[in-house]
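Pasting upload_20.txt here (compact mmCIF, C-alpha atoms):
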```txt
# COMPACT_ATOMS: atom_id res chain seq x y z
CA PRO A 1 168.77 64.45 -189.52
CA ARG A 2 166.52 66.61 -187.40
CA ALA A 3 166.33 66.13 -183.62
CA PRO A 4 163.07 64.35 -182.76
CA THR A 5 160.62 65.90 -180.32
CA VAL A 6 157.52 64.51 -178.66
CA ARG A 7 154.30 66.29 -179.65
CA ARG A 8 151.84 66.90 -176.86
CA GLY A 9 148.89 68.36 -178.73
CA GLY A 10 145.68 66.34 -178.58
CA ARG A 11 146.72 64.21 -175.58
CA GLY A 12 144.34 65.23 -172.85
CA GLY A 13 145.42 68.85 -172.71
CA GLY A 14 149.15 68.23 -172.85
CA GLY A 15 149.32 65.68 -170.00
CA GLU A 16 151.82 62.90 -169.49
CA VAL A 17 153.13 61.29 -172.67
CA MET A 18 153.80 57.57 -172.33
CA VAL A 19 155.79 55.66 -174.95
CA LEU A 20 155.75 51.90 -175.51
CA ASP A 21 158.98 50.58 -177.06
CA VAL A 22 158.49 47.03 -178.40
CA GLY A 23 161.62 45.01 -179.10
CA ALA A 24 163.54 47.45 -176.91
CA GLY A 25 166.83 45.54 -176.93
CA SER A 26 169.64 47.81 -175.70
CA GLY A 27 167.13 50.53 -174.75
CA LEU A 28 168.44 52.94 -177.37
CA LEU A 29 165.04 53.90 -178.77
CA SER A 30 163.63 54.21 -175.26
CA MET A 31 166.35 56.65 -174.27
CA LEU A 32 165.92 58.61 -177.51
CA ALA A 33 162.22 58.92 -176.75
CA ALA A 34 162.94 60.14 -173.22
CA ARG A 35 165.49 62.62 -174.49
CA ALA A 36 162.96 63.87 -177.05
CA GLY A 37 160.52 64.72 -174.25
CA ALA A 38 158.54 61.58 -173.34
CA ASP A 39 157.55 61.57 -169.66
CA ARG A 40 157.58 57.80 -169.35
CA VAL A 41 158.89 54.99 -171.59
CA VAL A 42 158.15 51.29 -171.11
CA GLY A 43 160.47 49.02 -173.08
CA VAL A 44 159.31 45.47 -173.81
CA GLU A 45 161.97 42.88 -174.63
CA GLN A 46 161.45 39.11 -174.89
CA SER A 47 165.11 38.19 -174.35
CA LEU A 48 166.02 38.23 -170.65
CA HIS A 49 169.68 38.88 -171.47
CA MET A 50 168.91 41.88 -173.68
CA CYS A 51 166.36 43.16 -171.15
CA GLU A 52 169.10 43.26 -168.50
CA VAL A 53 171.48 44.93 -170.95
CA GLY A 54 168.90 47.57 -171.81
CA GLU A 55 168.16 48.31 -168.16
CA GLU A 56 171.85 48.72 -167.39
CA CYS A 57 172.30 51.06 -170.37
CA GLU A 58 169.41 53.20 -169.12
CA VAL A 59 170.94 53.32 -165.62
CA MET A 60 174.36 54.32 -166.93
CA ASN A 61 172.86 57.11 -169.05
CA GLY A 62 170.68 58.54 -166.28
CA PHE A 63 167.28 57.55 -167.68
CA LEU A 64 166.11 55.03 -165.08
CA HIS A 65 163.70 57.60 -163.61
CA ARG A 66 161.80 57.72 -166.93
CA CYS A 67 162.55 54.38 -168.62
CA ALA A 68 161.57 50.89 -167.48
CA MET A 69 162.16 47.48 -169.06
CA LEU A 70 159.71 44.56 -169.13
CA ASN A 71 160.96 41.06 -169.90
CA ARG A 72 157.82 40.00 -171.73
CA ASP A 73 156.45 38.89 -175.08
CA ALA A 74 154.63 42.04 -176.27
CA ARG A 75 151.82 39.87 -177.61
CA ARG A 76 151.03 38.69 -174.07
CA ILE A 77 151.03 41.95 -172.09
CA MET A 78 147.93 43.97 -171.24
CA SER A 79 146.94 47.36 -169.84
CA VAL A 80 144.46 47.73 -166.98
CA ASP A 81 142.01 49.14 -169.52
CA SER A 82 142.65 46.52 -172.21
CA GLU A 83 139.68 44.53 -173.39
CA GLY A 84 139.42 41.45 -171.18
CA ALA A 85 141.21 42.97 -168.17
CA LYS A 86 139.24 43.18 -164.93
CA ASN A 87 140.24 44.81 -161.65
CA GLY A 88 143.81 45.19 -162.90
CA ARG A 89 144.16 41.52 -163.80
CA LYS A 90 144.38 39.62 -167.06
CA PRO A 91 142.04 36.73 -167.89
CA ASP A 92 144.68 34.27 -166.62
CA GLY A 93 144.65 35.97 -163.20
CA ASN A 94 148.06 37.64 -163.49
CA MET A 95 148.45 41.37 -162.94
CA CYS A 96 148.34 43.66 -165.99
CA GLU A 97 151.78 44.97 -166.91
CA LEU A 98 150.69 48.53 -167.87
CA ASP A 99 148.70 50.93 -165.71
CA ARG A 100 147.31 52.67 -168.80
CA ARG A 101 147.46 52.62 -172.59
CA ALA A 102 150.40 54.28 -174.33
CA ASP A 103 150.35 57.43 -176.48
CA ILE A 104 153.20 56.46 -178.81
CA LEU A 105 154.39 53.08 -180.11
CA LEU A 106 158.05 52.65 -181.06
CA TYR A 107 159.25 49.32 -182.43
CA GLU A 108 162.16 47.78 -184.28
CA VAL A 109 161.04 44.26 -185.09
CA PHE A 110 162.03 44.04 -188.74
CA ASP A 111 164.26 41.68 -190.69
CA SER A 112 165.75 41.84 -194.18
CA GLY A 113 162.36 40.80 -195.59
CA LEU A 114 160.54 43.42 -193.44
CA ILE A 115 157.84 41.32 -191.75
CA GLY A 116 159.72 38.15 -190.80
CA GLU A 117 159.97 39.06 -187.09
CA GLY A 118 156.21 39.52 -186.73
CA CYS A 119 155.89 43.30 -186.92
CA LEU A 120 152.39 43.17 -188.44
CA HIS A 121 151.05 41.09 -185.58
CA LEU A 122 152.77 43.17 -182.92
CA VAL A 123 151.34 46.41 -184.31
CA SER A 124 147.86 44.90 -184.61
CA ILE A 125 147.89 43.64 -181.02
CA ALA A 126 149.31 46.93 -179.71
CA LYS A 127 146.55 48.91 -181.44
CA HIS A 128 143.93 46.60 -179.97
CA ARG A 129 145.23 46.29 -176.40
CA LEU A 130 147.98 48.74 -175.58
CA LEU A 131 147.53 52.08 -177.40
CA ASN A 132 145.18 55.00 -176.95
CA PRO A 133 142.97 55.87 -179.92
CA GLY A 134 144.94 58.07 -182.31
CA ALA A 135 148.28 57.05 -180.83
CA ASP A 136 151.35 57.69 -182.98
CA ILE A 137 152.92 54.55 -184.47
CA LEU A 138 156.58 54.85 -185.44
CA PRO A 139 157.57 53.67 -188.02
CA MET A 140 154.37 54.61 -189.87
CA GLY A 141 154.57 52.36 -192.92
CA ALA A 142 156.71 50.61 -195.49
CA THR A 143 156.87 49.79 -199.20
CA VAL A 144 158.44 46.58 -200.53
CA TYR A 145 160.16 46.38 -203.93
CA ALA A 146 161.37 43.32 -205.84
CA GLN A 147 163.59 42.59 -208.82
CA PRO A 148 164.62 39.40 -210.68
CA ILE A 149 168.37 38.94 -210.70
CA GLU A 150 171.12 36.57 -211.79
CA MET A 151 173.31 35.56 -208.84
CA ARG A 152 175.10 32.31 -209.57
CA ILE A 153 178.15 30.31 -208.70
CA GLY A 154 180.18 29.71 -211.86
CA GLU A 155 183.86 28.85 -212.10
CA VAL A 156 185.87 28.64 -208.88
CA CYS A 157 189.64 28.06 -208.97
CA GLY A 158 189.31 26.75 -212.51
CA PHE A 159 186.53 24.27 -211.64
CA ASP A 160 183.00 24.39 -213.06
CA LEU A 161 180.74 24.56 -209.99
CA GLN A 162 177.49 25.52 -211.69
CA GLN A 163 175.72 22.44 -210.31
CA ALA A 164 176.18 23.90 -206.82
CA ASN A 165 173.50 26.46 -207.66
CA ARG A 166 170.75 23.82 -207.34
CA TYR A 167 171.39 23.55 -203.60
CA ARG A 168 170.48 27.20 -203.04
CA TRP A 169 166.81 26.76 -203.99
CA ARG A 170 164.42 27.17 -201.09
CA ALA A 171 161.11 28.82 -200.30
CA GLU A 172 162.71 31.00 -197.61
CA TYR A 173 164.76 34.12 -198.29
CA GLU A 174 168.12 34.98 -196.82
CA GLY A 175 169.74 38.30 -195.99
CA VAL A 176 172.50 39.50 -198.33
CA GLN A 177 174.39 42.79 -198.48
CA LEU A 178 173.93 43.19 -202.22
CA GLU A 179 175.59 46.60 -202.34
CA GLU A 180 178.79 45.03 -200.98
CA CYS A 181 178.95 42.28 -203.64
CA ARG A 182 177.85 44.28 -206.67
CA ASP A 183 180.09 42.27 -209.03
CA SER A 184 178.48 38.95 -208.09
CA TRP A 185 174.95 39.70 -209.34
CA ARG A 186 173.15 41.65 -212.01
CA ALA A 187 169.60 42.87 -212.49
CA LEU A 188 167.44 41.34 -215.22
CA ALA A 189 164.54 43.84 -214.97
CA GLU A 190 163.61 47.09 -213.29
CA PRO A 191 162.37 46.90 -209.67
CA MET A 192 158.61 46.77 -209.09
CA GLU A 193 156.56 47.76 -206.06
CA VAL A 194 155.10 44.63 -204.49
CA PHE A 195 153.42 45.57 -201.20
CA ARG A 196 152.61 48.81 -199.42
CA PHE A 197 151.89 48.75 -195.68
CA ASP A 198 150.29 51.52 -193.62
CA PHE A 199 150.84 50.52 -190.00
CA ASN A 200 147.92 52.73 -188.95
CA ASP A 201 145.54 50.83 -191.24
CA LEU A 202 144.92 47.20 -190.32
CA ASP A 203 143.40 46.47 -193.74
CA THR A 204 146.80 46.96 -195.41
CA MET A 205 148.38 44.42 -193.06
CA GLN A 206 146.20 41.44 -194.02
CA ALA A 207 147.62 38.49 -195.97
CA ALA A 208 147.80 39.35 -199.66
CA ALA A 209 148.97 38.12 -203.06
CA VAL A 210 149.86 39.98 -206.24
CA ASN A 211 150.75 39.02 -209.82
CA LEU A 212 154.03 40.46 -211.12
CA ASP A 213 155.00 40.61 -214.79
CA PHE A 214 158.62 41.71 -214.99
CA ASP A 215 159.67 43.12 -218.38
CA LEU A 216 163.17 41.71 -218.80
CA THR A 217 165.85 44.17 -219.84
CA ALA A 218 168.82 41.80 -220.15
CA ASP A 219 169.70 38.31 -221.37
CA GLY A 220 170.87 35.95 -218.67
CA VAL A 221 170.01 33.23 -216.22
CA PHE A 222 167.25 34.02 -213.76
CA ASN A 223 167.80 32.26 -210.46
CA ALA A 224 166.82 34.70 -207.71
CA VAL A 225 164.57 37.54 -206.65
CA ALA A 226 166.02 40.36 -204.59
CA PHE A 227 163.66 42.45 -202.52
CA TRP A 228 164.00 45.34 -200.09
CA PHE A 229 161.91 48.04 -198.45
CA ASP A 230 161.57 51.75 -197.83
CA LEU A 231 160.54 52.38 -194.22
CA GLN A 232 158.55 55.53 -193.44
CA VAL A 233 159.63 56.50 -189.93
CA ASP A 234 157.36 59.56 -189.65
CA GLU A 235 156.00 62.33 -191.86
CA GLU A 236 159.52 63.48 -192.78
CA GLU A 237 162.04 60.67 -192.28
CA TRP A 238 162.55 57.54 -194.41
CA LEU A 239 165.00 54.64 -194.27
CA SER A 240 165.73 52.52 -197.34
CA THR A 241 167.42 49.15 -197.72
CA SER A 242 167.74 49.52 -201.50
CA PRO A 243 170.99 48.13 -202.92
CA TYR A 244 171.19 51.14 -205.25
CA GLY A 245 171.77 53.83 -202.64
CA GLU A 246 173.84 54.61 -199.59
CA LYS A 247 171.64 52.79 -197.10
CA GLY A 248 174.13 52.90 -194.24
CA ARG A 249 173.96 50.45 -191.35
CA THR A 250 170.42 49.24 -191.87
CA TRP A 251 169.03 45.84 -192.74
CA GLN A 252 170.34 43.63 -195.52
CA GLN A 253 168.37 42.99 -198.68
CA ALA A 254 166.44 39.72 -198.93
CA VAL A 255 167.21 37.16 -201.66
CA GLN A 256 165.09 34.13 -202.54
CA TYR A 257 166.66 31.58 -204.91
CA PHE A 258 164.84 29.62 -207.64
CA GLU A 259 165.41 26.83 -210.12
CA GLU A 260 167.31 28.39 -213.00
CA LEU A 261 165.67 29.67 -216.19
CA ARG A 262 167.41 31.10 -219.23
CA VAL A 263 165.77 34.41 -220.16
CA CYS A 264 166.00 36.96 -222.95
CA ALA A 265 165.65 40.74 -222.99
CA GLY A 266 162.26 41.85 -224.23
CA SER A 267 160.41 38.86 -222.79
CA THR A 268 158.32 38.74 -219.62
CA MET A 269 159.00 36.87 -216.41
CA PRO A 270 155.58 35.97 -214.92
CA MET A 271 155.72 35.75 -211.14
CA ALA A 272 153.52 36.00 -208.08
CA GLY A 273 154.32 37.58 -204.76
CA LYS A 274 152.51 36.87 -201.51
CA HIS A 275 152.76 37.35 -197.79
CA ASP A 276 151.01 35.48 -194.99
CA THR A 277 151.69 38.31 -192.46
CA TYR A 278 154.79 36.45 -191.24
CA GLY A 279 156.93 36.43 -194.38
CA ILE A 280 157.11 37.47 -198.02
CA SER A 281 157.76 34.93 -200.78
CA PHE A 282 157.75 34.73 -204.55
CA ALA A 283 156.99 32.03 -207.12
CA VAL A 284 157.33 31.64 -210.88
CA ASP A 285 154.03 31.20 -212.72
CA ASP A 286 154.79 27.81 -214.30
CA ALA A 287 151.56 27.89 -216.32
CA ARG A 288 153.05 30.69 -218.44
CA ILE A 289 156.58 29.43 -219.08
CA ASP A 290 158.20 26.43 -220.77
CA ARG A 291 160.72 25.04 -218.28
CA VAL A 292 162.08 22.50 -220.75
CA ALA A 293 162.88 25.17 -223.35
CA THR A 294 164.42 27.55 -220.81
CA ARG A 295 166.45 25.14 -218.67
CA THR A 296 170.15 25.80 -218.28
CA GLY A 297 171.51 22.33 -217.57
CA VAL A 298 171.28 22.88 -213.82
CA PRO A 299 170.20 20.45 -212.55
CA LEU A 300 171.17 17.60 -214.84
CA TYR A 301 167.95 15.69 -215.54
CA ASP A 302 166.03 14.68 -218.65
CA PRO A 303 162.35 15.39 -219.44
CA VAL A 304 161.36 11.73 -219.12
CA TRP A 305 162.77 11.53 -215.59
CA HIS A 306 161.04 14.80 -214.68
CA ALA A 307 157.66 13.60 -215.97
CA THR A 308 158.03 10.34 -214.02
CA TYR A 309 158.94 12.25 -210.88
CA GLN A 310 155.83 14.43 -211.21
CA ARG A 311 153.60 11.34 -211.54
CA VAL A 312 155.18 9.72 -208.47
CA ASP A 313 154.87 12.97 -206.53
CA LYS A 314 151.16 13.17 -207.38
CA LEU A 315 150.61 9.56 -206.29
CA ASN A 316 152.45 10.24 -203.06
CA ALA A 317 150.21 13.25 -202.33
CA GLU A 318 147.10 11.10 -202.93
CA LEU A 319 148.55 8.42 -200.65
CA VAL A 320 149.14 10.89 -197.84
CA LYS A 321 145.62 12.31 -198.19
CA ALA A 322 144.04 8.84 -198.08
CA THR A 323 146.13 7.89 -195.05
CA VAL A 324 145.07 10.96 -193.09
CA GLN A 325 141.38 10.70 -193.92
CA ASN A 326 140.78 6.93 -193.65
CA PRO A 327 142.08 4.78 -190.74
CA LEU A 328 141.58 1.61 -192.77
CA GLU A 329 143.78 2.97 -195.55
CA TYR A 330 146.40 3.90 -192.96
CA ARG A 331 146.37 0.35 -191.61
CA ALA A 332 146.71 -1.14 -195.09
CA ILE A 333 149.61 1.16 -195.96
CA ALA A 334 151.32 0.48 -192.64
CA GLU A 335 151.10 -3.29 -193.23
CA THR A 336 152.51 -2.83 -196.73
CA ALA A 337 155.38 -0.73 -195.38
CA VAL A 338 156.25 -3.42 -192.82
CA ALA A 339 156.16 -6.09 -195.53
CA LEU A 340 158.49 -4.04 -197.74
CA GLY A 341 160.89 -3.54 -194.86
CA ALA A 342 160.85 -7.19 -193.80
CA ARG A 343 161.00 -8.95 -197.17
CA ALA A 344 161.84 -6.42 -199.85
CA ALA A 345 163.53 -9.02 -202.08
CA ASP A 346 160.32 -11.09 -202.25
CA LEU A 347 158.54 -8.02 -203.62
CA GLY A 348 161.19 -7.18 -206.21
CA LEU A 349 162.92 -4.37 -204.30
CA GLU A 350 166.43 -3.89 -203.01
CA PRO A 351 166.57 -4.42 -199.21
CA GLN A 352 167.77 -0.86 -198.52
CA ALA A 353 164.98 0.69 -200.60
CA GLY A 354 162.38 -1.38 -198.72
CA ALA A 355 163.87 -0.44 -195.36
CA ASP A 356 163.94 3.26 -196.28
CA PHE A 357 160.29 3.18 -197.38
CA CYS A 358 159.25 1.43 -194.20
CA ALA A 359 161.15 3.88 -192.00
CA ARG A 360 159.64 6.90 -193.72
CA MET A 361 156.08 5.60 -193.65
CA MET A 362 156.26 4.60 -189.99
CA SER A 363 158.07 7.71 -188.72
```

Represent the structure from my file as structure tokens, please.
Amino acid sequence: PRAPTVRRGGRGGGGEVMVLDVGAGSGLLSMLAARAGADRVVGVEQSLHMCEVGEECEVMNGFLHRCAMLNRDARRIMSVDSEGAKNGRKPDGNMCELDRRADILLYEVFDSGLIGEGCLHLVSIAKHRLLNPGADILPMGATVYAQPIEMRIGEVCGFDLQQANRYRWRAEYEGVQLEECRDSWRALAEPMEVFRFDFNDLDTMQAAAVNLDFDLTADGVFNAVAFWFDLQVDEEEWLSTSPYGEKGRTWQQAVQYFEELRVCAGSTMPMAGKHDTYGISFAVDDARIDRVATRTGVPLYDPVWHATYQRVDKLNAELVKATVQNPLEYRAIAETAVALGARAADLGLEPQAGADFCARMMS
């Protein structure tokens, strides 16, 4: 890759170039910025331990005269010319951390799902409080791609462990090095672009949702969505976490598991993707599929039980809503819970069931 250099055009006639490095960690990006020509680099690191490590690394490499470390949450720091600052002090009376706004923002606050460490909020706050108008933001943007996959536990040591797959379902994703376990999963459709972020444009960083219709290319059992991102560092350099290339030592891919569905090539998997600016998640559009017809036997339940569970779940939601909104309803429910816990047998319940209900309602 090319050696980076700091551009000075358009910065007050080629004056001092100041770089803000958010999530500075070991100070590596700060030192790279100084080596590329930055006059001054301020690294911001929330972890005290890593802040001390970064400072020591800068000392040992001879960059202390141009690099400084701040043990702060970047969302709480201000410049003397930030909105709300007065006479060099923040609204809370403490001194501002920066003596002026920065010309370049560097940051590495990404996770396997791109935005899970709060990068959208950090960039937004930096643009508002800490950067000069027209400041360079590096990385510049990112594109997220997703793909339905089959990634199941099957037979282990001669035992059928398929039922273990039900315990992987959750709304959160986890990081997986898919390129290192290529034999344990397979794609069920081609990848689709889900979200595109321009970190210079706040409108692209707002919470969003999108409908996704995946055209399935293989028969199998759908139980997960894999997603990854291409990160645009600047006008020339990109990093990708795709499992289909040589991504090197970058982030893992993200995998979110679902209740299993048997699928066929040529059909469509209707899904929705969304992000709330803190994390990306996916959901199956249940209004457009028949879960009974496509179930795999994991988990082991019958339709009658499932219908009963849905009715109870609905009643429970109504009960919670009534309890929150009406103190009299809360009192009535609390008295009922105590009665069930104290004399469950009189009300036709097993003692343990009554005690459990009472404990949950009163907790």

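Of note, atom CA of Glu83 of chain A and atom CA of Ser124 of chain A are spaced 13.9 Å apart.
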
Next item on the list: Tell me which of A:Thr308, A:Asn61, A:Asn87, A:Gln252 sits closest to Tyr173 of chain A, counting all atoms listed in the file.
Entry: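 Once distances to Tyr173 of chain A are computed over all atoms listed in the file, the minimum belongs to A:Gln252.
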
Margin query: Which residue is closest to Gln177 of chain A? Choose from A:Arg129, A:His121, A:Arg249, A:Arg295 and count only C-alpha atoms.
Written below: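 Answer, going by the shortest atom-to-atom distance: A:Arg249.
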
Margin query: For a test of reading the model, state the distance in Å between atom CA of Met271 of chain A and atom CA of Thr204 of chain A, rounded to one decimal.
Written below: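 Distance between the two atoms: 21.3 Å.
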
Notebook entry, point to check: When you draw a straight line from atom CA of Gln310 of chain A to atom CA of Arg262 of chain A, how long is it in Å?
Noted result: 21.8 Å

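Distances from A:Val263, A:Ala317, A:Ala226, A:Leu130 to Met18 of chain A were compared using only C-alpha atoms, and the smallest one belongs to A:Leu130.
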
Please provide as a short mmCIF file (atom, residue, chain, number, x, y, z; two decimals) with C-alpha atoms, in the coordinates of the input all residues within 8 Å of Ala38 of chain A, with the sequence filter that same-chain residues fewer than 2 positions apart are discarded (counting all atoms listed in the file).
```cif
data_model
loop_
_atom_site.label_atom_id
_atom_site.label_comp_id
_atom_site.auth_asym_id
_atom_site.auth_seq_id
_atom_site.Cartn_x
_atom_site.Cartn_y
_atom_site.Cartn_z
CA VAL A 6 157.52 64.51 -178.66
CA GLU A 16 151.82 62.90 -169.49
CA VAL A 17 153.13 61.29 -172.67
CA MET A 18 153.80 57.57 -172.33
CA VAL A 19 155.79 55.66 -174.95
CA ALA A 33 162.22 58.92 -176.75
CA ALA A 34 162.94 60.14 -173.22
CA ARG A 35 165.49 62.62 -174.49
CA ALA A 36 162.96 63.87 -177.05
CA ARG A 40 157.58 57.80 -169.35
CA VAL A 41 158.89 54.99 -171.59
#
```

Check: Any idea what's packed within 6 Å of segment 133-142 of chain A, counting all atoms listed in the file, ignoring anything in its chain fewer than 4 positions away? Could you give it as number ranges by chain?
Finding: A: 103-106, 196-199, 230-234

Margin query: as a ChimeraX atom specification, please: the residues near Val42 of chain A (cut-off 12 Å, only C-alpha atoms, same-chain neighbours under 2 positions excluded).
Written below: /A:17-25,27,29-31,33-34,38-40,44-45,51,54-55,58,63-72,74,77,79,97-107,130

Could you save those same residues with C-alpha atoms as a tab-separated table (two decimals), in the coordinates of the input?
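Wrote it out as selection27.tsv, contents follow:
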```tsv
chain	number	residue	atom	x	y	z
A	17	VAL	CA	153.13	61.29	-172.67
A	18	MET	CA	153.80	57.57	-172.33
A	19	VAL	CA	155.79	55.66	-174.95
A	20	LEU	CA	155.75	51.90	-175.51
A	21	ASP	CA	158.98	50.58	-177.06
A	22	VAL	CA	158.49	47.03	-178.40
A	23	GLY	CA	161.62	45.01	-179.10
A	24	ALA	CA	163.54	47.45	-176.91
A	25	GLY	CA	166.83	45.54	-176.93
A	27	GLY	CA	167.13	50.53	-174.75
A	29	LEU	CA	165.04	53.90	-178.77
A	30	SER	CA	163.63	54.21	-175.26
A	31	MET	CA	166.35	56.65	-174.27
A	33	ALA	CA	162.22	58.92	-176.75
A	34	ALA	CA	162.94	60.14	-173.22
A	38	ALA	CA	158.54	61.58	-173.34
A	39	ASP	CA	157.55	61.57	-169.66
A	40	ARG	CA	157.58	57.80	-169.35
A	44	VAL	CA	159.31	45.47	-173.81
A	45	GLU	CA	161.97	42.88	-174.63
A	51	CYS	CA	166.36	43.16	-171.15
A	54	GLY	CA	168.90	47.57	-171.81
A	55	GLU	CA	168.16	48.31	-168.16
A	58	GLU	CA	169.41	53.20	-169.12
A	63	PHE	CA	167.28	57.55	-167.68
A	64	LEU	CA	166.11	55.03	-165.08
A	65	HIS	CA	163.70	57.60	-163.61
A	66	ARG	CA	161.80	57.72	-166.93
A	67	CYS	CA	162.55	54.38	-168.62
A	68	ALA	CA	161.57	50.89	-167.48
A	69	MET	CA	162.16	47.48	-169.06
A	70	LEU	CA	159.71	44.56	-169.13
A	71	ASN	CA	160.96	41.06	-169.90
A	72	ARG	CA	157.82	40.00	-171.73
A	74	ALA	CA	154.63	42.04	-176.27
A	77	ILE	CA	151.03	41.95	-172.09
A	79	SER	CA	146.94	47.36	-169.84
A	97	GLU	CA	151.78	44.97	-166.91
A	98	LEU	CA	150.69	48.53	-167.87
A	99	ASP	CA	148.70	50.93	-165.71
A	100	ARG	CA	147.31	52.67	-168.80
A	101	ARG	CA	147.46	52.62	-172.59
A	102	ALA	CA	150.40	54.28	-174.33
A	103	ASP	CA	150.35	57.43	-176.48
A	104	ILE	CA	153.20	56.46	-178.81
A	105	LEU	CA	154.39	53.08	-180.11
A	106	LEU	CA	158.05	52.65	-181.06
A	107	TYR	CA	159.25	49.32	-182.43
A	130	LEU	CA	147.98	48.74	-175.58
```

Check: Which of these, A:Val221, A:Ala322, A:Ala359, A:Val194, has the shortest distance to Thr296 of chain A once you count only C-alpha atoms?
Finding: A:Val221

Next item on the list: Excluding Asp213 of chain A and residues on its chain fewer than 3 positions from it, collect all residues at most 9 Å away from it, counting only C-alpha atoms, and give them as a PyMOL selection string.
Entry: chain A and resi 268-272

Margin query: From the options A:Leu315, A:Met192, A:Ile280, A:Leu261, which residue's atoms come nearest to Ala208 of chain A, counting all atoms listed in the file?
Written below: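 Of the candidates, the smallest distance to Ala208 of chain A is held by A:Ile280.
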
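Here the question is which of A:Ala146, A:Val304, A:Met151, A:Ala164 gets nearest to Phe282 of chain A using all atoms listed in the file, and that residue is A:Ala146.
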
Next item on the list: Can you pull out every residue within 10 Å of segment 180-185 of chain A, counting all atoms listed in the file, but drop anything in the same chain fewer than 4 positions away, and send it as JSON, numbers by chain?
Entry: {"A": [149, 150, 151, 152, 153, 176, 224, 243, 244]}

Item checked: Cut-off 10 Å around (170.9, 32.8, -200.0) with only C-alpha atoms: residues as a PyMOL selection string -> chain A and resi 151+167-170+172-176+224+254-257

Next, the residues of the selection above should be written as a compact mmCIF listing (two decimals), keeping the file's coordinate frame with C-alpha atoms.
```txt
# COMPACT_ATOMS: atom_id res chain seq x y z
CA MET A 151 173.31 35.56 -208.84
CA TYR A 167 171.39 23.55 -203.60
CA ARG A 168 170.48 27.20 -203.04
CA TRP A 169 166.81 26.76 -203.99
CA ARG A 170 164.42 27.17 -201.09
CA GLU A 172 162.71 31.00 -197.61
CA TYR A 173 164.76 34.12 -198.29
CA GLU A 174 168.12 34.98 -196.82
CA GLY A 175 169.74 38.30 -195.99
CA VAL A 176 172.50 39.50 -198.33
CA ALA A 224 166.82 34.70 -207.71
CA ALA A 254 166.44 39.72 -198.93
CA VAL A 255 167.21 37.16 -201.66
CA GLN A 256 165.09 34.13 -202.54
CA TYR A 257 166.66 31.58 -204.91
```

Note to self: If we draw a sphere of 7 Å around (157.6, 44.2, -186.1), which residues have at least one atom in it when counting all atoms listed in the file? Please report them as a list of chain:residue names.
What the structure shows: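 Residues lying no farther than 7 Å from the given point: A:Tyr107, A:Glu108, A:Val109, A:Phe110, A:Ile115, A:Glu117, A:Gly118, A:Cys119, A:Leu120, A:Leu122, A:Val123.
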